[in-house]
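Undergrad: If it helps, the file is called work-v6.txt and holds compact mmCIF, C-alpha atoms:
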# COMPACT_ATOMS: atom_id res chain seq x y z
CA MET A 3 64.03 153.58 151.19
CA GLN A 4 62.65 150.06 151.36
CA THR A 5 65.06 147.13 151.27
CA VAL A 6 65.12 143.43 150.47
CA THR A 7 67.08 140.85 152.44
CA LEU A 8 69.33 138.68 150.29
CA ASN A 9 69.82 134.98 150.93
CA ASN A 10 72.92 135.62 153.06
CA GLY A 11 71.26 138.29 155.21
CA VAL A 12 72.67 141.33 153.40
CA GLU A 13 70.19 144.20 153.09
CA MET A 14 69.83 145.67 149.58
CA PRO A 15 67.88 148.81 148.65
CA LEU A 16 64.80 148.09 146.55
CA LEU A 17 65.47 151.05 144.27
CA GLY A 18 68.82 152.26 143.02
CA PHE A 19 70.61 154.18 140.30
CA GLY A 20 72.04 152.57 137.17
CA VAL A 21 74.74 154.03 134.95
CA TYR A 22 74.51 151.85 131.84
CA GLN A 23 75.02 153.92 128.68
CA ILE A 24 75.93 157.06 130.63
CA PRO A 25 79.17 158.33 129.03
CA ALA A 26 82.14 158.31 131.37
CA GLY A 27 82.38 162.09 131.05
CA ASP A 28 78.86 162.54 132.41
CA THR A 29 78.85 159.75 134.98
CA GLU A 30 80.52 161.54 137.90
CA ARG A 31 78.03 164.41 137.77
CA ALA A 32 75.06 162.07 137.31
CA VAL A 33 76.05 159.82 140.22
CA SER A 34 76.73 162.85 142.45
CA GLU A 35 73.25 164.18 141.68
CA ALA A 36 71.72 160.75 142.27
CA LEU A 37 73.39 160.50 145.67
CA ALA A 38 72.16 163.99 146.52
CA ALA A 39 68.64 162.89 145.52
CA GLY A 40 68.81 160.04 148.04
CA TYR A 41 69.91 157.00 146.05
CA ARG A 42 72.20 154.67 147.94
CA LEU A 43 72.31 151.67 145.58
CA LEU A 44 74.67 152.29 142.64
CA ASP A 45 74.93 149.78 139.78
CA THR A 46 77.81 149.79 137.29
CA ALA A 47 79.92 147.22 135.42
CA ALA A 48 83.42 146.77 134.08
CA ALA A 49 81.90 146.68 130.59
CA TYR A 50 80.30 150.12 131.04
CA GLY A 51 83.69 151.85 131.14
CA ASN A 52 82.65 154.28 133.88
CA GLU A 53 83.69 152.63 137.15
CA GLU A 54 86.32 155.31 137.80
CA ALA A 55 83.76 158.08 137.43
CA VAL A 56 81.38 156.28 139.81
CA GLY A 57 84.24 155.97 142.28
CA ARG A 58 85.06 159.67 142.10
CA ALA A 59 81.44 160.56 142.82
CA ILE A 60 81.39 158.20 145.79
CA GLY A 61 84.65 159.62 147.11
CA SER A 62 83.52 163.23 146.90
CA SER A 63 80.02 162.60 148.28
CA GLY A 64 80.99 162.52 151.94
CA ILE A 65 78.49 159.70 152.46
CA PRO A 66 79.77 157.01 154.86
CA ARG A 67 80.71 153.86 152.97
CA GLU A 68 78.42 151.72 155.12
CA GLU A 69 75.41 153.70 153.89
CA LEU A 70 76.10 152.80 150.25
CA PHE A 71 75.37 149.62 148.33
CA VAL A 72 77.73 149.37 145.36
CA THR A 73 77.40 146.80 142.59
CA THR A 74 79.67 146.12 139.66
CA LYS A 75 79.90 143.23 137.21
CA LEU A 76 82.48 140.77 135.93
CA TRP A 77 82.87 140.45 132.17
CA VAL A 78 83.67 137.10 130.48
CA GLN A 79 87.21 136.04 131.40
CA ASP A 80 89.84 134.10 129.48
CA ALA A 81 91.41 130.97 130.97
CA PRO A 82 92.45 130.51 133.68
CA ALA A 83 89.09 131.95 134.64
CA GLU A 84 89.60 131.79 138.40
CA ASP A 85 92.83 133.79 138.36
CA ASN A 86 91.53 136.27 135.81
CA THR A 87 88.30 136.79 137.77
CA LYS A 88 90.27 137.74 140.85
CA ARG A 89 92.37 140.17 138.80
CA ALA A 90 89.24 141.66 137.22
CA PHE A 91 87.71 142.11 140.66
CA GLU A 92 90.79 143.91 141.97
CA THR A 93 90.81 146.14 138.88
CA SER A 94 87.18 147.10 139.49
CA LEU A 95 87.83 147.78 143.17
CA ASP A 96 90.81 149.95 142.27
CA LYS A 97 88.82 151.95 139.69
CA LEU A 98 86.00 152.44 142.18
CA GLY A 99 88.42 153.38 144.96
CA LEU A 100 86.79 150.90 147.34
CA ASP A 101 88.03 148.13 149.62
CA HIS A 102 84.96 145.94 149.13
CA LEU A 103 81.83 145.56 147.03
CA ASP A 104 78.33 145.01 148.31
CA LEU A 105 77.38 142.93 145.27
CA TYR A 106 79.50 141.41 142.50
CA LEU A 107 77.61 140.01 139.52
CA MET A 108 78.71 137.72 136.70
CA HIS A 109 77.59 139.86 133.77
CA GLN A 110 77.03 137.11 131.19
CA PRO A 111 76.37 133.35 131.41
CA PHE A 112 79.29 132.57 129.08
CA GLY A 113 82.86 131.34 129.18
CA ASP A 114 84.12 129.23 132.06
CA VAL A 115 81.14 130.08 134.27
CA TYR A 116 82.19 127.57 136.91
CA GLY A 117 85.75 128.86 137.16
CA GLN A 118 84.46 132.41 137.42
CA TRP A 119 81.94 131.41 140.06
CA ARG A 120 84.53 129.57 142.17
CA ALA A 121 86.60 132.75 142.26
CA MET A 122 83.53 134.78 143.18
CA GLU A 123 82.70 132.33 145.96
CA ALA A 124 86.21 132.85 147.34
CA LEU A 125 85.76 136.63 147.23
CA ASN A 126 82.51 136.26 149.11
CA ARG A 127 84.08 134.08 151.79
CA GLU A 128 86.89 136.61 152.18
CA GLY A 129 84.31 139.37 152.67
CA THR A 130 85.57 141.60 149.85
CA ALA A 131 82.32 140.86 148.00
CA ARG A 132 79.52 140.90 150.57
CA ALA A 133 77.16 139.19 148.14
CA ILE A 134 77.62 137.58 144.73
CA GLY A 135 75.17 136.93 141.94
CA VAL A 136 74.61 136.74 138.23
CA ALA A 137 73.00 138.64 135.39
CA ASN A 138 71.23 137.49 132.25
CA PHE A 139 70.96 133.86 133.39
CA TYR A 140 67.92 132.06 132.00
CA PRO A 141 66.24 129.48 134.27
CA ASP A 142 68.16 126.44 133.04
CA ARG A 143 71.55 128.13 133.48
CA LEU A 144 70.60 129.51 136.90
CA ILE A 145 69.42 126.17 138.27
CA ASP A 146 72.49 124.41 136.84
CA LEU A 147 74.73 126.90 138.65
CA ILE A 148 72.81 126.47 141.90
CA VAL A 149 72.80 122.67 141.99
CA ASN A 150 76.48 122.33 141.08
CA ASN A 151 78.00 124.91 143.42
CA GLU A 152 78.16 125.71 147.11
CA ILE A 153 76.88 129.30 147.12
CA THR A 154 73.52 130.15 145.56
CA PRO A 155 73.54 133.46 143.69
CA ALA A 156 72.02 136.20 145.84
CA VAL A 157 70.72 138.15 142.81
CA ASN A 158 69.91 137.56 139.15
CA GLN A 159 69.71 140.81 137.17
CA VAL A 160 67.58 140.24 134.07
CA GLU A 161 65.55 142.23 131.57
CA THR A 162 62.27 143.00 133.35
CA HIS A 163 59.72 145.61 132.33
CA PRO A 164 55.97 145.83 131.60
CA PHE A 165 56.39 144.12 128.23
CA PHE A 166 58.60 141.28 129.58
CA GLN A 167 57.47 140.76 133.15
CA ARG A 168 59.21 137.48 134.14
CA ALA A 169 56.56 136.62 136.76
CA ASP A 170 57.02 132.85 136.47
CA TYR A 171 60.79 133.22 136.55
CA GLN A 172 60.56 135.48 139.59
CA ALA A 173 58.57 132.76 141.36
CA LEU A 174 61.25 130.19 140.49
CA MET A 175 63.99 132.48 141.75
CA ARG A 176 62.10 133.08 144.97
CA GLU A 177 61.77 129.32 145.44
CA HIS A 178 65.57 129.05 145.32
CA GLY A 179 66.30 132.16 147.37
CA VAL A 180 67.47 134.34 144.47
CA GLN A 181 66.46 138.01 144.36
CA ILE A 182 65.30 139.27 140.98
CA GLN A 183 66.67 142.61 139.81
CA SER A 184 65.52 144.47 136.73
CA TRP A 185 67.60 145.93 133.98
CA GLY A 186 65.80 147.89 131.27
CA GLY A 187 62.90 148.66 133.57
CA PHE A 188 61.62 151.31 131.16
CA ALA A 189 62.33 149.06 128.14
CA GLU A 190 64.44 152.02 126.93
CA GLY A 191 61.16 153.56 125.83
CA ARG A 192 60.39 150.81 123.34
CA ASN A 193 56.78 150.02 122.42
CA ASP A 194 56.09 153.69 123.22
CA LEU A 195 56.19 152.84 126.90
CA PHE A 196 56.12 156.45 128.10
CA ALA A 197 52.97 157.10 126.06
CA ASN A 198 51.25 153.85 126.96
CA PRO A 199 47.57 154.74 127.59
CA LEU A 200 47.03 152.14 130.32
CA LEU A 201 50.08 153.25 132.32
CA ALA A 202 49.24 156.91 131.72
CA GLU A 203 45.67 156.38 132.95
CA ILE A 204 46.87 154.72 136.12
CA GLY A 205 49.41 157.48 136.68
CA LYS A 206 46.75 160.14 136.30
CA GLU A 207 44.83 158.65 139.23
CA TYR A 208 47.80 159.32 141.51
CA GLY A 209 49.25 162.40 139.85
CA LYS A 210 52.28 160.32 138.83
CA SER A 211 54.20 159.88 135.60
CA VAL A 212 54.33 156.67 133.57
CA ALA A 213 57.90 156.19 134.78
CA GLN A 214 56.78 156.40 138.40
CA VAL A 215 53.98 153.90 137.76
CA VAL A 216 56.47 151.46 136.23
CA LEU A 217 58.88 151.81 139.15
CA ARG A 218 56.03 151.43 141.67
CA TRP A 219 54.89 148.32 139.77
CA LEU A 220 58.38 146.82 139.85
CA THR A 221 59.12 147.58 143.49
CA GLN A 222 55.65 146.54 144.60
CA ARG A 223 56.38 143.15 143.03
CA GLY A 224 59.62 142.98 145.04
CA VAL A 225 61.78 143.53 141.95
CA VAL A 226 64.89 145.63 142.62
CA ALA A 227 64.98 148.46 140.05
CA ILE A 228 67.90 150.61 138.90
CA PRO A 229 66.53 153.41 136.67
CA LYS A 230 69.02 155.59 134.82
CA SER A 231 68.78 159.30 134.13
CA VAL A 232 71.18 162.16 133.51
CA ARG A 233 68.63 164.78 134.61
CA ALA A 234 68.43 165.69 138.29
CA GLU A 235 64.68 166.34 138.15
CA ARG A 236 64.04 162.87 136.72
CA MET A 237 66.25 161.29 139.36
CA ALA A 238 64.15 162.96 142.04
CA GLU A 239 60.94 161.86 140.32
CA ASN A 240 62.12 158.26 139.96
CA ILE A 241 62.93 157.85 143.63
CA ASP A 242 59.58 159.32 144.69
CA VAL A 243 57.54 156.15 144.25
CA PHE A 244 56.93 154.91 147.79
CA GLY A 245 54.12 157.30 148.68
CA PHE A 246 51.41 155.47 146.75
CA ARG A 247 50.40 151.88 146.13
CA LEU A 248 48.85 150.28 143.06
CA THR A 249 45.68 148.27 143.61
CA ASP A 250 45.42 144.57 142.80
CA GLU A 251 43.17 145.51 139.88
CA GLN A 252 45.77 147.92 138.51
CA MET A 253 48.52 145.34 138.90
CA ALA A 254 46.36 142.86 136.99
CA ARG A 255 45.78 145.36 134.20
CA ILE A 256 49.50 146.00 133.87
CA ALA A 257 50.01 142.24 133.67
CA THR A 258 48.08 142.25 130.38
CA LEU A 259 50.94 144.21 128.76
CA ASP A 260 53.30 141.24 128.99
CA THR A 261 54.45 139.95 125.60
CA GLY A 262 56.41 137.09 127.16
CA GLY A 263 59.58 137.89 125.23
CA SER A 264 62.60 140.18 125.12
CA LEU A 265 62.46 143.55 123.39
CA PHE A 266 66.24 143.49 123.01
CA PHE A 267 67.86 140.11 122.34
CA ASP A 268 67.88 136.53 123.59
CA HIS A 269 70.97 135.31 125.42
CA ARG A 270 70.23 131.84 124.04
CA ASP A 271 70.49 132.99 120.41
CA PRO A 272 73.63 131.42 118.87
CA GLU A 273 74.66 134.63 117.10
CA MET A 274 74.34 136.63 120.31
CA VAL A 275 76.20 133.98 122.31
CA THR A 276 79.06 134.10 119.80
CA ARG A 277 79.24 137.88 119.97
CA LEU A 278 79.05 138.28 123.75
CA ALA A 279 81.10 135.23 124.69
CA GLY A 280 83.89 136.25 122.36
CA HIS A 281 84.12 139.90 123.38
CA ARG A 282 86.92 140.97 125.70
CA LEU A 283 87.44 144.27 127.47
CA ASP A 284 90.58 146.27 126.71
CA GLY A 285 93.05 145.93 129.52
In structure tokens, how does this file's structure come out?

TA:
Amino acid sequence: MQTVTLNNGVEMPLLGFGVYQIPAGDTERAVSEALAAGYRLLDTAAAYGNEEAVGRAIGSSGIPREELFVTTKLWVQDAPAEDNTKRAFETSLDKLGLDHLDLYLMHQPFGDVYGQWRAMEALNREGTARAIGVANFYPDRLIDLIVNNEITPAVNQVETHPFFQRADYQALMREHGVQIQSWGGFAEGRNDLFANPLLAEIGKEYGKSVAQVVLRWLTQRGVVAIPKSVRAERMAENIDVFGFRLTDEQMARIATLDTGGSLFFDHRDPEMVTRLAGHRLDG
């Protein structure tokens, strides 16, 4: 497994396993199969409702904790944000059955972002969160957070796939020492991604699937990817992407698929801001 080095020196696998939209009842089995397939980066979130199942799979795996890279995410907290962030972190740790996280992300750029970030900075200094970062931050919000706080986010997890490639934003993040991570790397199959003729043609040259071409394209760009699957054979296929390399010409052809916009929703849309910023998790 290839890795990237975050801005505080922590090593992060370039390819991991995500559990978004995997029902809690299926998550333990899926994560156990992913670990057996060789994944060591696991990505979950308080909002996914499956942290406990992820924790059970970790506990029963027999894999030494130091070999795993576990990420979870903080949902929007009520005031006082600093105190509630610390409580939310402890709740996530307890559900996961861990004594520390490798990466703790602020899931949404809403609420008292600064209060939440101050608490996350404290967790990072204490060592219970080895690295801290954000998710779904657009450039203006990311730069504002960087220039007004002590610790620069190590990671920004954003929608990134062949139809929304974020190349310019990746360059800006790199300039500020922030690692880009993809969510929705397969665009959830939208725009008929898995039947895309360009991606299929490239895959045929290597005897690889469209999914493998997409993951090779992401990781070759230095984008951390976290594909999800509930099928063991797909998990094995998705992690088998380091034995070939796309040419510059193929990378350029894939670049022509970029639409420049989200296939899901815009975090700057007032209706979406109202919905996400106002939602609270039970408990």

Undergrad: Please list, as a PyMOL selection string, the residues that have an atom at most 10 Å away from (71.4, 137.2, 128.5) in the coordinates of this file, counting all atoms listed in the file.

TA: chain A and resi 109-112+137-140+159-161+264+266-271+274-275+278

Undergrad: Store the residues picked out above in a file with C-alpha atoms, as a PDB file, keeping the file's coordinate frame.

TA:
ATOM      1  CA  HIS A 109      77.590 139.860 133.770  1.00  0.00           C
ATOM      2  CA  GLN A 110      77.030 137.110 131.190  1.00  0.00           C
ATOM      3  CA  PRO A 111      76.370 133.350 131.410  1.00  0.00           C
ATOM      4  CA  PHE A 112      79.290 132.570 129.080  1.00  0.00           C
ATOM      5  CA  ALA A 137      73.000 138.640 135.390  1.00  0.00           C
ATOM      6  CA  ASN A 138      71.230 137.490 132.250  1.00  0.00           C
ATOM      7  CA  PHE A 139      70.960 133.860 133.390  1.00  0.00           C
ATOM      8  CA  TYR A 140      67.920 132.060 132.000  1.00  0.00           C
ATOM      9  CA  GLN A 159      69.710 140.810 137.170  1.00  0.00           C
ATOM     10  CA  VAL A 160      67.580 140.240 134.070  1.00  0.00           C
ATOM     11  CA  GLU A 161      65.550 142.230 131.570  1.00  0.00           C
ATOM     12  CA  SER A 264      62.600 140.180 125.120  1.00  0.00           C
ATOM     13  CA  PHE A 266      66.240 143.490 123.010  1.00  0.00           C
ATOM     14  CA  PHE A 267      67.860 140.110 122.340  1.00  0.00           C
ATOM     15  CA  ASP A 268      67.880 136.530 123.590  1.00  0.00           C
ATOM     16  CA  HIS A 269      70.970 135.310 125.420  1.00  0.00           C
ATOM     17  CA  ARG A 270      70.230 131.840 124.040  1.00  0.00           C
ATOM     18  CA  ASP A 271      70.490 132.990 120.410  1.00  0.00           C
ATOM     19  CA  MET A 274      74.340 136.630 120.310  1.00  0.00           C
ATOM     20  CA  VAL A 275      76.200 133.980 122.310  1.00  0.00           C
ATOM     21  CA  LEU A 278      79.050 138.280 123.750  1.00  0.00           C
TER      22      LEU A 278
END

Undergrad: Please identify all polymer residues within 8 Å of A:Gly117, counting all atoms listed in the file, omitting same-chain residues fewer than 2 positions from it, and present them as a list in words.

TA: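 Within the cut-off, the hits are Pro82, Ala83, Glu84, Asp114, Val115, Trp119, Arg120 and Ala121 of chain A.
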
Undergrad: Which residue gives the smallest distance to A:Leu76 among A:Arg282, A:Asp101, A:Ala257, A:Asp250, with only C-alpha atoms counted?

TA: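 Checking each candidate against A:Leu76, we get A:Arg282 as the closest.
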
Undergrad: Between atom CA of A:Asn52 and atom CA of A:Tyr22, what is the spacing in Å?

TA: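 Interatomic distance here is 8.7 Å.
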
Undergrad: I'd like the interatomic distance between atom CA of A:Asp85 and atom CA of A:Leu98, to a tenth of an Å.

TA: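 Atom-to-atom, atom CA of A:Asp85 and atom CA of A:Leu98 are spaced 20.2 Å apart.
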
Undergrad: Nearest to A:Tyr41 among A:Ile241, A:Ile134, A:Val212, A:Leu259, with distances taken over only C-alpha atoms: which residue is it?

TA: A:Ile241

Undergrad: Scan for residues within 8 Å of the point (81.8, 163.9, 137.5) in the coordinates of the file, using all atoms listed in the file, and reply as a PyMOL selection string.

TA: chain A and resi 27-34+55-56+58-59

Undergrad: Which one of A:Arg223, A:Lys75, A:Arg192, A:His178 sits closest to A:Ile145 if you count all atoms listed in the file?

TA: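 Counting all atoms listed in the file, the residue closest to A:Ile145 is A:His178.
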
Undergrad: What lies within 9 Å of A:Leu16 using all atoms listed in the file, ignoring chain neighbours under 4 positions off, as number ranges by chain?

TA: A: 3-6, 43, 183, 221, 224-228

Undergrad: Measuring between all atoms listed in the file, which one of A:Ile65, A:Ile204, A:Val72, A:Met237 shows the shortest distance to A:Ile256?

TA: A:Ile204

Undergrad: Using all atoms listed in the file, which residue out of A:Trp185, A:Tyr116, A:Phe71, A:Tyr50 lies closest to A:Pro15?

TA: A:Phe71

Undergrad: Have a look at A:Trp219, A:Met253, A:Thr162, A:Tyr171 and name the one nearest to A:Asp142; count only C-alpha atoms.

TA: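 Among the listed residues, the smallest separation from A:Asp142 belongs to A:Tyr171.
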
Undergrad: Find the spatial neighbours of A:Asp170, counting all atoms listed in the file, within a cut-off of 12 Å - ignore same-chain residues fewer than 2 positions away - and output them as a ChimeraX atom specification.

TA: /A:140-141,162,166-168,172-177,182,260,262

Undergrad: Per residue of stretch 55-118 of chain A within 12 Å of stretch 44-48 of chain A, record the nearest atom pair and its distance in Å to one decimal, counting all atoms listed in the file, with rows in chain order and ascending residue number, as a Markdown table.

TA:
| residue | atom | partner | partner_atom | distance |
| --- | --- | --- | --- | --- |
| A:Ala55 | CA | A:Thr46 | CA | 10.2 |
| A:Val56 | CA | A:Thr46 | CA | 7.8 |
| A:Gly57 | CA | A:Thr46 | CA | 10.2 |
| A:Ala59 | CA | A:Leu44 | CA | 10.7 |
| A:Ile60 | CA | A:Leu44 | CA | 9.5 |
| A:Glu69 | CA | A:Leu44 | CA | 11.4 |
| A:Leu70 | CA | A:Leu44 | CA | 7.8 |
| A:Phe71 | CA | A:Leu44 | CA | 6.3 |
| A:Val72 | CA | A:Leu44 | CA | 5.0 |
| A:Thr73 | CA | A:Asp45 | CA | 4.8 |
| A:Thr74 | CA | A:Ala47 | CA | 4.4 |
| A:Lys75 | CA | A:Ala47 | CA | 4.4 |
| A:Leu76 | CA | A:Ala48 | CA | 6.3 |
| A:Trp77 | CA | A:Ala48 | CA | 6.6 |
| A:Val78 | CA | A:Ala48 | CA | 10.3 |
| A:Gln79 | CA | A:Ala48 | CA | 11.7 |
| A:Thr87 | CA | A:Ala48 | CA | 11.7 |
| A:Ala90 | CA | A:Ala48 | CA | 8.4 |
| A:Phe91 | CA | A:Ala48 | CA | 9.1 |
| A:Glu92 | CA | A:Ala48 | CA | 11.2 |
| A:Thr93 | CA | A:Ala48 | CA | 8.8 |
| A:Ser94 | CA | A:Ala48 | CA | 6.6 |
| A:Leu95 | CA | A:Ala48 | CA | 10.2 |
| A:Asp96 | CA | A:Ala48 | CA | 11.5 |
| A:Lys97 | CA | A:Ala48 | CA | 9.4 |
| A:Leu98 | CA | A:Thr46 | CA | 9.9 |
| A:Leu103 | CA | A:Leu44 | CA | 10.8 |
| A:Asp104 | CA | A:Leu44 | CA | 9.9 |
| A:Leu105 | CA | A:Asp45 | CA | 9.1 |
| A:Tyr106 | CA | A:Ala47 | CA | 9.2 |
| A:Leu107 | CA | A:Ala47 | CA | 8.6 |
| A:Met108 | CA | A:Ala47 | CA | 9.7 |
| A:His109 | CA | A:Ala47 | CA | 7.9 |
| A:Gln110 | CA | A:Ala47 | CA | 11.3 |

Undergrad: Calculate how many Å separate atom CA of A:Gln222 from atom CA of A:Arg132, rounding to one decimal.

TA: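 So the answer is 25.2 Å.
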